Structures are given as structure tokens and as C-alpha cells.
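To start, the structure under review is shown below, and the notes come after it.
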Amino acid sequence: MSMESVAWHSLYRTMHAQEDRRPFSRATLRRIGAFARPHRARLIRFLLLSAGGALLAVATPVLAGRVVDSIVSGAEPGTVVRLALLIAAIAVAEAGLGLVVRWLSASIGEGLILDLRTAVYDHVQRMPVAFFTRTRTGALVSRLNNDVIGAQRAFSDTLSGVVGNLVTLTLTLVVMLGISWQITLLALVLLPVFVLPARRMGGRLAQLRREAANHNATMSTQMTERFSAPGATLVKLFGRPSEESAEFAARARRVRDIGVRTAMVQTVFITSLTLVSALALALVYGLGGFYALRGSLEPGAVVALALLLTRLYAPLTSLAGARLEVMSALVSFERVFEVLDLKPLITEKPDARKVPDGPVSVEFDGVRFAYPSADKVSLASLEEVAVLDTRGGTEVLHDVSFRAEPGQMVALVGSSGAGKSTIAQLLPRLYDADAGSVRLSGTDVRDLSAESLRQTLGMVTQDGHLFHDTIRANLLLARPEAGEEELWEVLRRARLDELIASLPDGLDTVVGERGYRLSGGERQRLTIARLLLARPRVVILDEATAHLDSTSEAAVQEALAEALDGRTAVVIAHRLSTVRAADLILVVEDGRIVERGTHTELLAAGGRYEELYRTQFEQAEDENGDGHTDRDADRGRDAAGSAATAAV
């Protein structure tokens with residue numbers, strides 16, 4: 001390795017090591033040991049071979065010196081040839097050893113990345129919905145990428161570097177002191193000139209790198225938001241293109257300026273250290289040559305000292321920043337463990353049971369619920385705030401009780417924010433009730449297995465979320481083993497078969513991010529087809545037609561009639577005309593059930609339901625400006641709504 005290469009390597013490692021420095025605990029080291037334990041055998045071989053490679057690296061300069069001495073002393077040609085062959089053999093061995101060490105390093109490092117990523121991914125999957133509503137997705141993904149890779153460096157780079165450098169440094173110092181302690185000590189005098197700028201410049205470059213990373217992250221966020229389908233639409237409707245462009249360009253120019261400045265700092269640093277290395281070599285050759293001419297030092301010794309100089313400076317500069325590198329790697333581990341230490345609020349009991357076979361009843365018995373505060377479900381670093389919001393615990397559901405018999409439909413209506421969606425989210429255990437009980441066929445959902453709940457419950461929400469994948473893949477989320485005929489059957493029942501058949505790629509058509517290549521009605525019907533494929537015994541509809549036009553709503557309601565056929569249903573509805581035929585209508589206000597009954601009974605009672613129904617009717621009249629025409633439209637919506645409930 002040349003002195004210039006040493007300088008670049010030292011600068012890079014010191015710069016990255018100074019990105020974040022925080023204290024760490026012994027508990028962190030123990031947990032790191034637990035992750036490293038499965039790789040222990042390879043790790044030991046890796047360290048031993050790294051030490052062996054360091055030994056070979058020191059042997060070559062010594063043999064090179066002996067070759068020079070043999071030539072100067074007029075030794076037999078065979079001696080020179082044998083030394084040359086030995087140098088060649090060491091080079092081959094060093095190269096082979098380097099390949100093995102690299103393979104071990106990669107296998108240990110990548111294995112550790114696999115273990116950490118899998119652990120974090122599986123853990124995050126078990127977190128409650130509240131965790132995802134608070135966390136910035138980019139920050140969470142960074143833990144799975146940047147921090148996991150930073151932790152991996154502790155094994156594949158830092159640890160091996162410390163061991164190899166210690167061995168190399170020890171052997172090099174012993175050999176150099178044995179050859180000439182005077183020259184060795186003088187060479188060491190120049191070391192601070194080599195090391196201290198690396199530490200200082202490394203910190204400066206790390207600061208520039210962080211600033212550039214922040215600007216790049218902001219630009220990435222801006223591009224991600226503006227380049228998505230809804231974001232692009234919003235910008236076109238309300239955005240200010242010139243201001244948007246100016247803001248983006250300003251940050252891009254700052255990144256450019258930082259890049260130029262970084263390049264110049266690096267160049268000045270490397271040029272300076274290369275000059276220092278040249279002075280060090282001049283010292284060795286000058287003083288060594290002086291001693292050689294006086295006869296107190298062999299010519300080969302001078303060559304060996306010059307070659308060993310890089311073997312001395314390289315490990316010394318690396319070890320000088322080793323502590324920072326170790327601290328940086330440990331910080332990455334701590335950031336990963338920080339996520340793993342978040343306890344999921346929803347856990348499955350060891351003796352969890354299945355939902356009993358047959359039709360399923362739904363029962364809420366005295367349920368009370370408060371959303372958890374941020375400090376129970378999130379991290380400040382994932383929300384990118386200084387301190388988590390500790391507010392929470394305010395009860396939003398108060399003594400909610402009702403029962404849906406097998407095959408019945410229970411509708412939840414009321415003002416926005418009254419608690420209807422919260423009630424629906426307690427059924428599939430997206431949250432757990434704080435008091436009371438939520439039961440399926442008489443069994444508390446907290447006593448049921450997660451797999452059984454997934455097989456029993458099916459839910460369609462108002463946003464109709466789809467993954468950026470094919471229609472086939474989005475359907476198979478419900479039942480991966482489903483065959484081609486089953487897929488087309490549920491599409492037919494969802495009134496989508498003709499549309500999908502007309503697409504060039506059919507079932508293999510990619511729906512786009514969040515399904516935005518489909519219309520709102522098509523997207524919603526596809527989620528209903530997925531529900532039909534899952535064959536749940538209980539269906540939850542959370543305002544599944546809230547944002548659809550009349551034509552799309554009618555098509556979706558026809559599909560819903562298929563989904564609700566013979567199943568227990570809990571339906572949250574904004575348009576009251578869609579729940580007129582429900583077996584039981586619950587009016588929810590401020591987290592309480594204030595009225596219950598059928599459509600006819602509630603209208604006759606003249607309470608909150610009658611008020612909501614009359615308000616919607618009058619709004620519809622005002623929108624059309626023709627009372628008679630609107631009554632016809634209302635009857636049309638009622639007919640569409642009846643299609644969804646006729647089979648129940």
C-alpha cells in the first residue's frame with residue numbers, strides 16, 4: 001500500500017467514524033455478542049487469518065532487503081533466485097489468504113445484516129397501527145439499511161482492522177527497531193504530522209457530508225411527495241412551479257458547493273500527507289544511506305526500512321481512529337436495538353385458540369378505549385422530534401356494548417370523529433380494549449390466535465389500499481394458494497372481470513403506487529374481490545363507498561352484496577341510505593352509543609339519527625336545486641344500498 005493510499009484510507013475511515021459519537025453501555029456489547037454468537041466459528045477463523053495476512057505483509061520487505069544485500073555482496077545467483085521465489089510464494093499466499101479473508105468478512109457481514117434486518121422487520125410487523133401513524137417511513141427504512149450496514153462494519157471492517165493492524169504494527173516495530181532503532185524513532189517523530197490532520201480533516205469532512213446528506217434527504221422528500229400521483233396532482237392544482245423549482249435548485253446548488261469544497265479539502269489533505277510521506281522516505285534513504293556508507297548499516301536494510309515504513313504508518317493511522325470507528329459502529333447497533341426494544345402493545349397468548357367453526361357472532365361488552373401516547377408506541381428519532389408527545393390516555397370509547405348475531409348486519413353511523421372507526425379497529429385487534437371485552441362467538445379476541453383472526457375477519461376501508469404490484473399479487477395477499485379460476489370468479493363477483501380481461505396484461509397488470517392506475521371505484525372493487533377471495537366469516541366495511549360517485553357506488557354496492565352474503569357484518573356508513581336495511585343501526589356520538597334500532601324505529605324516535613338523515617336529505621336537495629329530482633336520486637341511492645343488504 002502506497003503512502004497516498006494510506007492517506008486516503010485513513011481520511012475515509014476517520015471521516016465516517018466521526019459522524020456520531022455517543023456513550024454506550026455494557027448491555028449493548030452483550031447484545032452484540034448475542035448476534036455474533038451464530039457466526040463465532042467463522043469469526044475466529046477470520047481473525048486468525050487476518051493476523052496471518054499481517055505476518056506475511058511484514059515478511060516481504062525483509063526478504064527484499066536480503067535480496068539487495070545478496071546482490072551487493074556478490075552472493076550466488078541461486079541465493080537471489082531462491083529469495084525471489086520465496087517473495088513470489090509469499091505474494092501468492094498473501095493473495096490467496098486475502099481472498100479467503102474477504103470471503104469470511106463478506107459472509108460474516110452479510111450474515112449479520114440478514115439477522116439484524118430480519119429481526120427488525122419481524123419486530124416492526126408486530127407493532128400496533130399507532131406506531132406506523134406516527135413514524136416517518138424514511139427514518140424507519142434508514143434503520144433497516146444505513147444503521148444495519150453501520151453495525152455490520154463493526155465485524156467485517158473495524159474488528160479485523162484492529163486485529164490485523166495490531167499484529168502488523170507489532171511485527172513492523174520489532175523488525176525496524178532491530179534494523180535501526182535510530183531511524184525508526186526519527187520516522188515516528190513525523191507520525192503526528194500524519195495522524196493529527198487526518199483526525200481534524202476527517203471531522204471537518206464528516207460535517208460537510210452530514211450537511212450534504214441533510215440537503216439530499218430534503219430533496220428526496222420533496223421529490224417523493226411531488227412525484228407521487230396525488231402529490232403531482234396537488235402541485236398542478238395549487239402548487240407554485242417557479243417557487244418549487246427555486247427551492248429545489250437552491251438546495252441542489254448548496255450540495256454542489258459542498259461537493260466542490262469537499263473535493264478541495266480532500267485534495268489538500270492528501271497532497272499534504274503525500275508530501276509528509278515523501279519527507280519520511282527521504283529521511284529513511286538519507287539517514288540510512290549515510291549509515292550504509294559508513295558501514296554501520298547494510299544497503300538491504302535501508303531498502304527494508306523504506307518498504308516497512310508504509311507498514312508502520314498504515315496501522316498506526318488506522319489504530320489512531322479505531323476508537324472512533326468502534327464508537328460509530330456501536331451507535332449503529334444502539335439505533336437498531338432502540339427499535340427492537342419497543343414493546344408491541346398487541347401480543348398473542350401462548351395458548352391462543354381458534355375462532356370456533358361455523359357462523360360467527362360479534363359482541364362488544366362494556367368496551368372502553370384510549371389511544372396510547374406517543375412514548376408508548378414510538379421513538380423520538382423515528383418521528384424526528386426532540387421529545388415525544390406524552391399526551392394520551394384520553395378515553396375515546398365509553399362503555400360500548402352491542403351484539404351482532406351470526407349473519408346479521410350492524411351499522412355504525414354518527415358524526416365524523418365519533419369513534420366508529422375505532423370500534424371497527426378493535427375487532428381485528430389493530431388495538432386492544434382497555435376495559436370490557438370484544439368477542440367473536442363468545443371468545444375474547446385477546447384469547448384468539450392472530451392467524452385465526454385473519455382467517456375469520458375481512459375488512460374493506462375507504463382508501464382501498466393496493467400495493468405497487470400486479471392485480472394477481474394484490475389478490476393473492478388474501479389467499480396465496482388460490483388458483484386462476486378462483487381469481488377470475490371473485491373478479492366476476494366484484495364486477496371487474498370484463499375490465500381486467502380487456503387489459504393487455506390481464507391479471508399481470510401492475511396497478512401502480514397505491515393502485516392509482518385504477519379509478520376509485522375500480523380500486524375499491526378490487527379490494528372487495530380480495531375480500532371475497534379470503535372468504536371471511538365476518539366482514540367489516542369502514543365507509544367503503546364514502547368517496548365514490550353514484551355510478552361507482554352502485555357498482556361497488558353490487559360487489560358488496562356478494563361480499564356480505566351469509567356473513568356477519570359491521571358496516572360504518574356516511575350515507576345513511578346505504579344502511580336502511582341493516583338489522584341494527586347504532587348511532588355513535590362522542591364515543592358512546594346514543595341510539596339503537598332499525599331504520600324505521602330510529603326515524604320514528606325523532607332523535608339524532610332522524611336529524612342526521614334529514615340533514616343529508618336537505619343537503620342533497622340543495623346540491624341539486626330540485627327537491628323532486630333529488631328525491632328520485634335519493635331513492636336511486638336507496639336502491640343501490642338495498643343491493644348490499646338484500647342478501648343479509
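Order determines the names: the first chain of the C-alpha cells is A, the second B, and so forth; residues in each chain are numbered 1 upward, and ligands are numbered 1 upward as they are shown.
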Any idea what's packed within 12 Å of A:Val355, counting only C-alpha atoms, ignoring anything in its chain fewer than 6 positions away? Could you give it as a PyMOL selection string? chain A and resi 361-362+439-457+536-538
Give me every strand (DSSP E or B) residue in stretch 333-414 of chain A, going by DSSP on the backbone, as a list in words. Arg353, Val362, Glu363, Phe364, Asp365, Gly366, Val367, Arg368, Phe369, Ala370, Glu395, Val396, Leu397, His398, Asp399, Val400, Ser401, Phe402, Arg403, Ala404, Met409, Val410, Ala411, Leu412, Val413 and Gly414 of chain A
What's around stretch 137-147 of chain A at 6 Å? Count only C-alpha atoms, leave out sequence neighbours fewer than 5 positions away in its own chain, and write the answer as a PyMOL selection string. chain A and resi 117+332+382
Selection near A:Val124, 9 Å with only C-alpha atoms, sequence-local residues under 5 positions removed, as a PyMOL selection string: chain A and resi 119+131+339-340+342+344
Let's have the selection written as an mmCIF file, in the first residue's frame, with N, CA and C atoms.
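The result, written out as out.cif:
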data_model
loop_
_atom_site.group_PDB
_atom_site.id
_atom_site.type_symbol
_atom_site.label_atom_id
_atom_site.label_comp_id
_atom_site.auth_asym_id
_atom_site.auth_seq_id
_atom_site.Cartn_x
_atom_site.Cartn_y
_atom_site.Cartn_z
ATOM 1 N N ALA A 119 -34.625 -9.438 12.081
ATOM 2 C CA ALA A 119 -35.113 -9.176 13.442
ATOM 3 C C ALA A 119 -35.908 -7.873 13.493
ATOM 4 N N PHE A 131 -48.040 2.960 15.878
ATOM 5 C CA PHE A 131 -46.611 3.111 15.587
ATOM 6 C C PHE A 131 -46.419 3.649 14.166
ATOM 7 N N VAL A 339 -35.027 0.215 18.182
ATOM 8 C CA VAL A 339 -36.275 -0.231 17.561
ATOM 9 C C VAL A 339 -36.711 -1.574 18.141
ATOM 10 N N LEU A 340 -35.752 -2.481 18.306
ATOM 11 C CA LEU A 340 -36.080 -3.806 18.832
ATOM 12 C C LEU A 340 -36.593 -3.753 20.266
ATOM 13 N N LEU A 342 -38.644 -1.518 21.455
ATOM 14 C CA LEU A 342 -40.032 -1.065 21.520
ATOM 15 C C LEU A 342 -40.939 -2.277 21.673
ATOM 16 N N PRO A 344 -44.214 -4.396 21.471
ATOM 17 C CA PRO A 344 -45.520 -4.373 20.804
ATOM 18 C C PRO A 344 -46.649 -4.369 21.831
#
Pick out the residues sitting within 6 Å of stretch 467-471 of chain A, and hand them over as number ranges by chain; count only C-alpha atoms, and ignore anything fewer than 5 positions along from it in its own chain. A: 507-514
Using C-alpha atoms, can you export the residues from the last selection as a tab-separated table (two decimals), in the first residue's frame?
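File written: part.tsv
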chain	number	residue	atom	x	y	z
A	507	LEU	CA	-54.09	-10.30	-14.13
A	508	ASP	CA	-50.42	-9.37	-14.51
A	509	THR	CA	-51.21	-5.67	-14.97
A	510	VAL	CA	-49.32	-3.51	-12.46
A	511	VAL	CA	-51.78	-1.26	-10.61
A	512	GLY	CA	-49.24	1.45	-9.71
A	513	GLU	CA	-48.41	3.04	-6.40
A	514	ARG	CA	-51.38	2.62	-4.04
Counting only C-alpha atoms, the residue of A:Val377, A:Val80, A:Ala473, A:Ala370 that sits nearest A:Leu63: A:Val80
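As for atom CA of A:Thr168 and atom CA of A:Leu308, they are spaced 10.0 Å apart.
With only C-alpha atoms as the atoms that count, the residue of A:Ala34, A:Leu531, A:Val101, A:Leu305 with the shortest distance to A:Val460 is A:Leu531.
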Which residues, written as a count of residues only, have at least one atom at most 9 Å from A:Ile346, with only C-alpha atoms counted and residues fewer than 5 positions away on the same chain left out? 8
Do you know which residues are at most 8 Å from stretch 171-173 of chain A counting only C-alpha atoms, after dropping those on the same chain fewer than 5 positions away, and could you put them as a list of chain:residue names? A:Leu55, A:Val58, A:Thr184, A:Leu308, A:Arg311, A:Leu312
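The shortest atom-to-atom distance to A:Val100, with only C-alpha atoms taken into account, belongs to A:Leu47 out of A:Ile258, A:Ala130, A:Leu47, A:Leu56.
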Nearest to A:Leu287 by atom-to-atom distance, counting only C-alpha atoms, from A:Val400, A:Ala573, A:Leu345, A:Trp181: A:Trp181
If you measure from atom CA of A:Glu489 to atom CA of A:Leu518, what distance in Å do you get, rounded to one decimal? 19.7 Å
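With only C-alpha atoms as the basis for measurement, A:Gly53 is the residue among A:Arg596, A:Gly53, A:Glu481, A:Arg495 that approaches A:Ala91 most closely.
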